[in-house]
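Data block for my_file_4.cif (mmCIF, C-alpha atoms and all ligand atoms):
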```
data_run
#
loop_
_atom_site.label_atom_id
_atom_site.label_comp_id
_atom_site.auth_asym_id
_atom_site.auth_seq_id
_atom_site.Cartn_x
_atom_site.Cartn_y
_atom_site.Cartn_z
CA MET A 1 75.59 11.75 34.67
CA GLU A 2 72.98 13.37 32.51
CA LYS A 3 71.16 16.17 34.35
CA ILE A 4 68.87 17.56 31.65
CA ARG A 5 67.65 16.05 28.41
CA VAL A 6 65.51 17.92 25.92
CA GLU A 7 64.04 16.02 23.00
CA ASP A 8 62.38 17.55 19.97
CA LEU A 9 61.09 20.56 21.90
CA THR A 10 58.65 22.71 19.95
CA PHE A 11 56.64 25.71 21.14
CA SER A 12 54.58 28.43 19.52
CA TYR A 13 53.10 31.51 21.24
CA ASP A 14 50.55 32.15 18.51
CA LYS A 15 50.10 28.65 17.03
CA GLU A 16 51.37 29.98 13.71
CA THR A 17 55.14 30.47 13.96
CA ASN A 18 57.32 28.33 16.20
CA ALA A 19 59.47 30.23 18.71
CA VAL A 20 61.28 26.96 19.44
CA GLU A 21 61.32 24.22 16.84
CA HIS A 22 62.60 20.63 17.16
CA VAL A 23 65.25 21.50 19.73
CA SER A 24 67.17 18.63 21.33
CA PHE A 25 70.14 18.68 23.68
CA SER A 26 71.62 16.94 26.69
CA ILE A 27 73.44 18.53 29.63
CA GLU A 28 75.78 16.75 32.03
CA GLU A 29 75.49 17.23 35.77
CA GLY A 30 77.91 19.87 37.06
CA SER A 31 78.72 21.15 33.58
CA TYR A 32 78.74 24.72 32.31
CA THR A 33 76.73 25.13 29.13
CA THR A 34 76.21 28.25 27.07
CA ILE A 35 73.18 28.76 24.85
CA ILE A 36 74.04 31.36 22.21
CA GLY A 37 71.72 32.92 19.66
CA HIS A 38 70.64 36.27 18.27
CA ASN A 39 67.75 38.23 19.75
CA GLY A 40 64.44 36.53 19.17
CA SER A 41 65.98 33.14 18.44
CA GLY A 42 64.07 31.46 21.29
CA LYS A 43 66.59 31.32 24.13
CA SER A 44 64.33 32.74 26.86
CA THR A 45 61.49 30.58 25.60
CA ILE A 46 63.68 27.49 26.13
CA ALA A 47 64.49 28.70 29.68
CA LYS A 48 60.80 29.21 30.45
CA LEU A 49 59.92 25.78 29.05
CA LEU A 50 62.66 24.23 31.22
CA ILE A 51 61.13 25.63 34.42
CA GLY A 52 57.58 24.96 33.29
CA LEU A 53 56.55 28.62 33.00
CA LEU A 54 55.45 27.73 29.49
CA ASP A 55 54.00 24.42 28.37
CA LYS A 56 55.57 22.79 25.32
CA ASP A 57 53.49 21.93 22.25
CA GLN A 58 55.68 18.97 21.43
CA GLY A 59 58.67 17.06 22.76
CA HIS A 60 60.03 16.00 26.13
CA ILE A 61 62.04 17.59 28.94
CA TYR A 62 63.74 15.38 31.52
CA VAL A 63 65.51 16.48 34.69
CA ASP A 64 67.31 13.66 36.51
CA GLN A 65 65.41 11.21 34.30
CA ASP A 66 62.04 12.57 35.48
CA GLU A 67 59.91 13.92 32.69
CA LEU A 68 58.59 17.44 33.29
CA SER A 69 54.82 17.17 33.67
CA ILE A 70 52.11 18.51 35.90
CA ASP A 71 53.06 15.85 38.49
CA THR A 72 56.79 16.60 38.57
CA LEU A 73 56.64 20.36 37.94
CA TYR A 74 57.05 21.51 41.54
CA ASP A 75 59.82 19.03 42.37
CA ILE A 76 61.72 20.04 39.25
CA ARG A 77 61.18 23.74 39.84
CA ASP A 78 62.69 23.32 43.33
CA LYS A 79 65.89 22.17 41.68
CA VAL A 80 66.22 25.11 39.30
CA GLY A 81 67.22 28.70 40.02
CA ILE A 82 66.99 31.39 37.37
CA VAL A 83 68.52 34.86 37.17
CA PHE A 84 66.96 37.13 34.58
CA GLN A 85 68.27 39.87 32.34
CA ASN A 86 66.87 43.00 33.93
CA PRO A 87 68.26 43.58 37.43
CA ASP A 88 65.31 45.87 38.19
CA ASN A 89 62.72 43.15 37.73
CA GLN A 90 63.80 40.86 40.53
CA PHE A 91 63.29 42.97 43.64
CA ILE A 92 60.50 42.72 46.10
CA GLY A 93 62.08 43.45 49.47
CA ALA A 94 62.80 46.75 51.22
CA THR A 95 66.40 45.73 51.95
CA VAL A 96 69.04 43.53 50.39
CA ALA A 97 68.63 41.07 53.28
CA ASP A 98 64.86 40.86 52.60
CA ASP A 99 65.52 40.14 48.95
CA ILE A 100 67.98 37.34 49.63
CA ALA A 101 65.45 35.90 52.12
CA PHE A 102 62.47 36.10 49.78
CA GLY A 103 62.62 32.58 48.33
CA LEU A 104 63.38 31.03 51.71
CA GLU A 105 60.41 32.77 53.30
CA ASN A 106 58.20 31.35 50.59
CA HIS A 107 59.48 27.94 51.53
CA GLN A 108 58.54 28.61 55.13
CA VAL A 109 62.06 28.33 56.44
CA GLY A 110 62.11 29.57 60.07
CA THR A 111 63.72 32.91 60.87
CA GLU A 112 66.56 31.49 63.01
CA LYS A 113 67.44 28.97 60.31
CA MET A 114 67.26 31.61 57.62
CA GLN A 115 69.72 34.10 59.10
CA PRO A 116 72.93 32.07 58.67
CA ILE A 117 71.89 31.09 55.13
CA ILE A 118 71.31 34.72 54.18
CA GLU A 119 74.66 35.76 55.65
CA ARG A 120 76.51 32.94 53.96
CA PHE A 121 75.26 33.87 50.49
CA ALA A 122 75.54 37.63 51.02
CA GLN A 123 79.18 36.90 51.77
CA LYS A 124 79.51 34.67 48.72
CA VAL A 125 78.40 37.53 46.46
CA LYS A 126 80.32 40.14 48.49
CA MET A 127 77.26 42.12 49.57
CA THR A 128 77.47 41.82 53.38
CA GLU A 129 78.05 45.54 53.88
CA TYR A 130 74.86 46.33 51.94
CA MET A 131 72.47 44.11 53.92
CA GLN A 132 70.30 47.01 55.10
CA SER A 133 70.56 48.98 51.84
CA GLU A 134 67.62 49.60 49.56
CA PRO A 135 68.00 47.30 46.53
CA THR A 136 66.79 50.01 44.13
CA LYS A 137 69.80 52.16 45.04
CA LEU A 138 72.42 49.59 44.08
CA SER A 139 74.36 49.44 40.82
CA GLY A 140 73.22 46.96 38.17
CA GLY A 141 76.06 44.57 39.00
CA GLN A 142 75.26 44.71 42.72
CA LYS A 143 71.58 44.05 41.98
CA GLN A 144 72.47 40.95 40.00
CA ARG A 145 74.73 39.78 42.84
CA VAL A 146 71.81 40.08 45.25
CA ALA A 147 69.61 38.15 42.82
CA ILE A 148 72.27 35.44 42.60
CA ALA A 149 72.52 35.23 46.41
CA GLY A 150 68.74 34.82 46.55
CA VAL A 151 68.69 31.89 44.14
CA LEU A 152 71.76 30.26 45.71
CA ALA A 153 70.03 30.40 49.10
CA MET A 154 67.45 28.01 47.66
CA SER A 155 70.21 25.41 47.06
CA PRO A 156 69.48 24.88 43.39
CA GLN A 157 70.96 21.95 41.47
CA ILE A 158 70.62 23.83 38.19
CA LEU A 159 71.21 27.55 37.65
CA ILE A 160 70.04 29.38 34.54
CA PHE A 161 71.42 32.84 33.76
CA ASP A 162 69.24 34.37 31.06
CA GLU A 163 71.39 37.22 29.68
CA SER A 164 72.09 38.20 33.28
CA THR A 165 74.97 40.46 32.31
CA SER A 166 73.64 42.02 29.12
CA MET A 167 72.28 45.16 30.81
CA LEU A 168 75.41 45.77 32.88
CA ASP A 169 78.39 48.03 32.26
CA PRO A 170 81.74 46.34 31.51
CA GLN A 171 82.71 46.25 35.19
CA GLY A 172 79.36 44.74 36.20
CA LYS A 173 79.64 42.16 33.42
CA ALA A 174 83.13 41.15 34.55
CA GLU A 175 82.03 40.89 38.21
CA ILE A 176 79.07 38.68 37.44
CA ASN A 177 80.97 36.45 35.02
CA GLU A 178 83.68 35.98 37.63
CA LEU A 179 81.08 35.11 40.25
CA ILE A 180 79.41 32.57 37.95
CA GLN A 181 82.79 30.95 37.25
CA GLU A 182 83.48 30.78 40.98
CA ILE A 183 80.10 29.16 41.71
CA HIS A 184 80.81 26.63 38.99
CA LYS A 185 84.24 25.78 40.40
CA GLU A 186 83.11 25.47 43.99
CA SER A 187 79.86 23.57 43.59
CA ASN A 188 78.33 20.77 41.60
CA ILE A 189 75.59 23.05 40.29
CA THR A 190 74.76 22.55 36.62
CA ILE A 191 75.01 25.96 34.96
CA ILE A 192 73.26 27.16 31.82
CA SER A 193 74.35 30.57 30.65
CA ILE A 194 72.24 32.21 27.94
CA THR A 195 73.76 34.98 25.87
CA HIS A 196 73.50 36.70 22.50
CA ASP A 197 77.23 37.42 22.35
P1 LIG B 201 65.47 35.32 22.84
O1 LIG B 201 65.40 35.10 24.32
O2 LIG B 201 66.39 34.39 22.14
O3 LIG B 201 65.72 36.74 22.49
P2 LIG B 201 62.64 34.70 22.95
O4 LIG B 201 62.59 33.31 23.42
O5 LIG B 201 62.33 35.79 23.93
O6 LIG B 201 64.04 34.97 22.22
O7 LIG B 201 61.63 34.90 21.73
C1 LIG B 201 61.51 33.96 20.66
C2 LIG B 201 60.41 34.40 19.72
O8 LIG B 201 59.16 34.36 20.38
C3 LIG B 201 60.55 35.82 19.21
O9 LIG B 201 60.10 35.87 17.88
C4 LIG B 201 59.64 36.64 20.12
O10 LIG B 201 59.15 37.75 19.47
C5 LIG B 201 58.54 35.62 20.42
N1 LIG B 201 57.95 35.85 21.77
C6 LIG B 201 58.65 35.89 22.94
N2 LIG B 201 57.83 36.07 23.99
C7 LIG B 201 56.57 36.16 23.48
C8 LIG B 201 55.28 36.34 24.04
N3 LIG B 201 55.11 36.46 25.37
N4 LIG B 201 54.23 36.38 23.20
C9 LIG B 201 54.39 36.25 21.88
N5 LIG B 201 55.57 36.07 21.27
C10 LIG B 201 56.66 36.02 22.05
MG MG B 202 65.83 36.40 25.92
#
```
In structure tokens, write the structure found in this file.
Ligand code: ADP
Ligand code: MG
Amino acid sequence: MEKIRVEDLTFSYDKETNAVEHVSFSIEEGSYTTIIGHNGSGKSTIAKLLIGLLDKDQGHIYVDQDELSIDTLYDIRDKVGIVFQNPDNQFIGATVADDIAFGLENHQVGTEKMQPIIERFAQKVKMTEYMQSEPTKLSGGQKQRVAIAGVLAMSPQILIFDESTSMLDPQGKAEINELIQEIHKESNITIISITHD
């Protein structure tokens, strides 16, 4: 089944040059898709258009056959989790547990309900022993694992990794890639991995 369809997507930041120009693609549910392009080629812009952080100038974006618009934006955003490039930009909480809980708290999930979810995903990303640690003191790879646990806790149907390993050392890169592969194998989440290499 088709999960995402993008038709003739065009967007310009300055109304002079197009950052994204006539882009079309289709992504199957549960698939693993890589978007590859050099720096500045418009990959992050596509990701931001997909989650409605930017508004297209032209074209159409469909998720589960629903066209992304002001009316469907919040329903579609609920289905999509995104992990960004810089592990230092995704922390708000004082502890790892707080960070994994952040999205759930925003969705007003009760504390008792939240606890098992947090534990389950901390375990998934192998961060249970760091639950009370300060996120800022973790390695880059550990930070990205916490970020991944936080988005997984929101039960996304689509996961976008926007160069999520590009700032990590080789070990961190390997860890995160392995984790992404594992998530893909074990779930029906549609994965989009953005990379320049
Ligand atoms: P990538 O993620 O592939 O490196 P981006 O989508 O970030 O590329 O950028 C695509 C183009 O849009 C680049 O030319 C970049 O300079 C420009 N751009 C990105 N973000 C902004 C912004 N906030 N304001 C103006 N121009 C931007
Ligand atoms: Mg980018």
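Checking A:Asn188, A:Ser164, A:Ser24, A:Gln144 one by one against Ser44 (chain A), counting all atoms listed in the file, you find the shortest gap at A:Ser164.
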Kindly extract all protein, DNA and RNA residues lying within 10 Å of the coordinates (77.2, 42.5, 36.3) given in the file, considering only C-alpha atoms, and supply them as a short mmCIF file (atom, residue, chain, number, x, y, z; two decimals) with C-alpha atoms, in the frame of the given file.
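And here's point31.cif as it stands now:
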```
data_model
loop_
_atom_site.label_atom_id
_atom_site.label_comp_id
_atom_site.auth_asym_id
_atom_site.auth_seq_id
_atom_site.Cartn_x
_atom_site.Cartn_y
_atom_site.Cartn_z
CA PRO A 87 68.26 43.58 37.43
CA SER A 139 74.36 49.44 40.82
CA GLY A 140 73.22 46.96 38.17
CA GLY A 141 76.06 44.57 39.00
CA GLN A 142 75.26 44.71 42.72
CA LYS A 143 71.58 44.05 41.98
CA GLN A 144 72.47 40.95 40.00
CA ARG A 145 74.73 39.78 42.84
CA SER A 164 72.09 38.20 33.28
CA THR A 165 74.97 40.46 32.31
CA SER A 166 73.64 42.02 29.12
CA MET A 167 72.28 45.16 30.81
CA LEU A 168 75.41 45.77 32.88
CA ASP A 169 78.39 48.03 32.26
CA PRO A 170 81.74 46.34 31.51
CA GLN A 171 82.71 46.25 35.19
CA GLY A 172 79.36 44.74 36.20
CA LYS A 173 79.64 42.16 33.42
CA ALA A 174 83.13 41.15 34.55
CA GLU A 175 82.03 40.89 38.21
CA ILE A 176 79.07 38.68 37.44
CA ASN A 177 80.97 36.45 35.02
CA GLU A 178 83.68 35.98 37.63
CA LEU A 179 81.08 35.11 40.25
#
```
| query | List as a list in words: which residues have an atom within 7 Å of (59.4, 21.0, 28.7), counting all atoms listed in the file? | reply |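 These residues have at least one counted atom within 7 Å: Leu49, Leu50, Gly52, Asp55, Lys56, His60, Ile61 and Leu68 of chain A.
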| field | Distance of CA of Val125 (chain A) from CA of Gly37 (chain A), expressed in Å to one decimal place | value |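 Atom-to-atom, CA of Gly37 (chain A) and CA of Val125 (chain A) are spaced 28.0 Å apart.
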What are the closest atom pairs, with distances in Å to one decimal, for each residue of chain A lying within 9 Å of ligand LIG 201 (chain B), using all atoms listed in the file, rows by chain and rising residue number, as a Markdown table?
```
| residue | atom | partner | partner_atom | distance |
| --- | --- | --- | --- | --- |
| A:Ser12 | CA | B:LIG201 | O8 | 7.5 |
| A:Tyr13 | CA | B:LIG201 | C9 | 5.0 |
| A:Asp14 | CA | B:LIG201 | C9 | 6.6 |
| A:Thr17 | CA | B:LIG201 | O9 | 8.3 |
| A:Asn18 | CA | B:LIG201 | O8 | 7.6 |
| A:Ala19 | CA | B:LIG201 | C2 | 4.4 |
| A:Val20 | CA | B:LIG201 | C1 | 7.1 |
| A:Ile36 | CA | B:LIG201 | O2 | 8.2 |
| A:Gly37 | CA | B:LIG201 | O2 | 6.1 |
| A:His38 | CA | B:LIG201 | O2 | 6.0 |
| A:Asn39 | CA | B:LIG201 | O3 | 3.7 |
| A:Gly40 | CA | B:LIG201 | O6 | 3.4 |
| A:Ser41 | CA | B:LIG201 | O2 | 3.9 |
| A:Gly42 | CA | B:LIG201 | O4 | 3.2 |
| A:Lys43 | CA | B:LIG201 | O2 | 3.7 |
| A:Ser44 | CA | B:LIG201 | O1 | 3.6 |
| A:Thr45 | CA | B:LIG201 | O4 | 3.7 |
| A:Ile46 | CA | B:LIG201 | O4 | 6.5 |
| A:Ala47 | CA | B:LIG201 | O4 | 8.0 |
| A:Lys48 | CA | B:LIG201 | O4 | 8.3 |
| A:Asp162 | CA | B:LIG201 | O1 | 7.8 |
| A:Glu163 | CA | B:LIG201 | O1 | 8.3 |
| A:Ile194 | CA | B:LIG201 | O1 | 8.3 |
| A:Thr195 | CA | B:LIG201 | O2 | 8.3 |
| A:His196 | CA | B:LIG201 | O2 | 7.5 |
```
Write the residues of the preceding selection, restricted to C-alpha atoms, as a compact mmCIF listing (two decimals), in the frame of the given file.
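Once everything was written out, this is selection.txt:
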```txt
# COMPACT_ATOMS: atom_id res chain seq x y z
CA SER A 12 54.58 28.43 19.52
CA TYR A 13 53.10 31.51 21.24
CA ASP A 14 50.55 32.15 18.51
CA THR A 17 55.14 30.47 13.96
CA ASN A 18 57.32 28.33 16.20
CA ALA A 19 59.47 30.23 18.71
CA VAL A 20 61.28 26.96 19.44
CA ILE A 36 74.04 31.36 22.21
CA GLY A 37 71.72 32.92 19.66
CA HIS A 38 70.64 36.27 18.27
CA ASN A 39 67.75 38.23 19.75
CA GLY A 40 64.44 36.53 19.17
CA SER A 41 65.98 33.14 18.44
CA GLY A 42 64.07 31.46 21.29
CA LYS A 43 66.59 31.32 24.13
CA SER A 44 64.33 32.74 26.86
CA THR A 45 61.49 30.58 25.60
CA ILE A 46 63.68 27.49 26.13
CA ALA A 47 64.49 28.70 29.68
CA LYS A 48 60.80 29.21 30.45
CA ASP A 162 69.24 34.37 31.06
CA GLU A 163 71.39 37.22 29.68
CA ILE A 194 72.24 32.21 27.94
CA THR A 195 73.76 34.98 25.87
CA HIS A 196 73.50 36.70 22.50
```
| task | Would you please work out which residue, of A:Thr34, A:Gln157, A:Met127, A:Asn89, is nearest to Asp75 (chain A) when using only C-alpha atoms? | result | A:Gln157
| query | So how many Å separate CA of Ile183 (chain A) and CA of Leu9 (chain A), to one decimal? | reply | 28.8 Å
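Note that the spacing between CA of Gln123 (chain A) and CA of Glu28 (chain A) amounts to 28.4 Å.
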| task | Select, from A:Val6, A:Val83, A:Leu159, A:Ile27, the residue with the minimum atom-to-atom distance to ligand MG 202 (chain B), counting all atoms listed in the file. | result |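 Selected residue with least distance to ligand MG 202 (chain B): A:Val83.
Distance annotation: of A:Met114, A:Tyr62, A:Thr136, A:Arg120, the residue with the minimal separation from Gln90 (chain A) is A:Thr136; atom set is all atoms listed in the file.
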| said: For Met131 (chain A), find every residue with an atom within 9 Å (counting all atoms listed in the file), except residues of its own chain fewer than 4 positions away, and show them as a list in words. | reply: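 Contacts, in chain order: Thr95, Val96, Ala97, Asp98, Glu119, Ala122 and Met127 of chain A.
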| query | Which residue, A:Leu53, A:Val80, A:Ile158, A:Ile35, has the smallest gap to ligand MG 202 (chain B) when you use all atoms listed in the file? | reply | A:Ile35
| message | When you count all atoms listed in the file, which of these residues is closest to ligand MG 202 (chain B): A:Asn86, A:Thr10, A:Thr128, A:Gln65? | response |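 Among the listed residues, A:Asn86 lies closest to ligand MG 202 (chain B).
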| Hey, what's within 8 Å of Ile51 (chain A) if we count only C-alpha atoms and toss same-chain stuff fewer than 6 positions away? As a VMD selection string, please? | chain A and resid 73 76 to 77 80
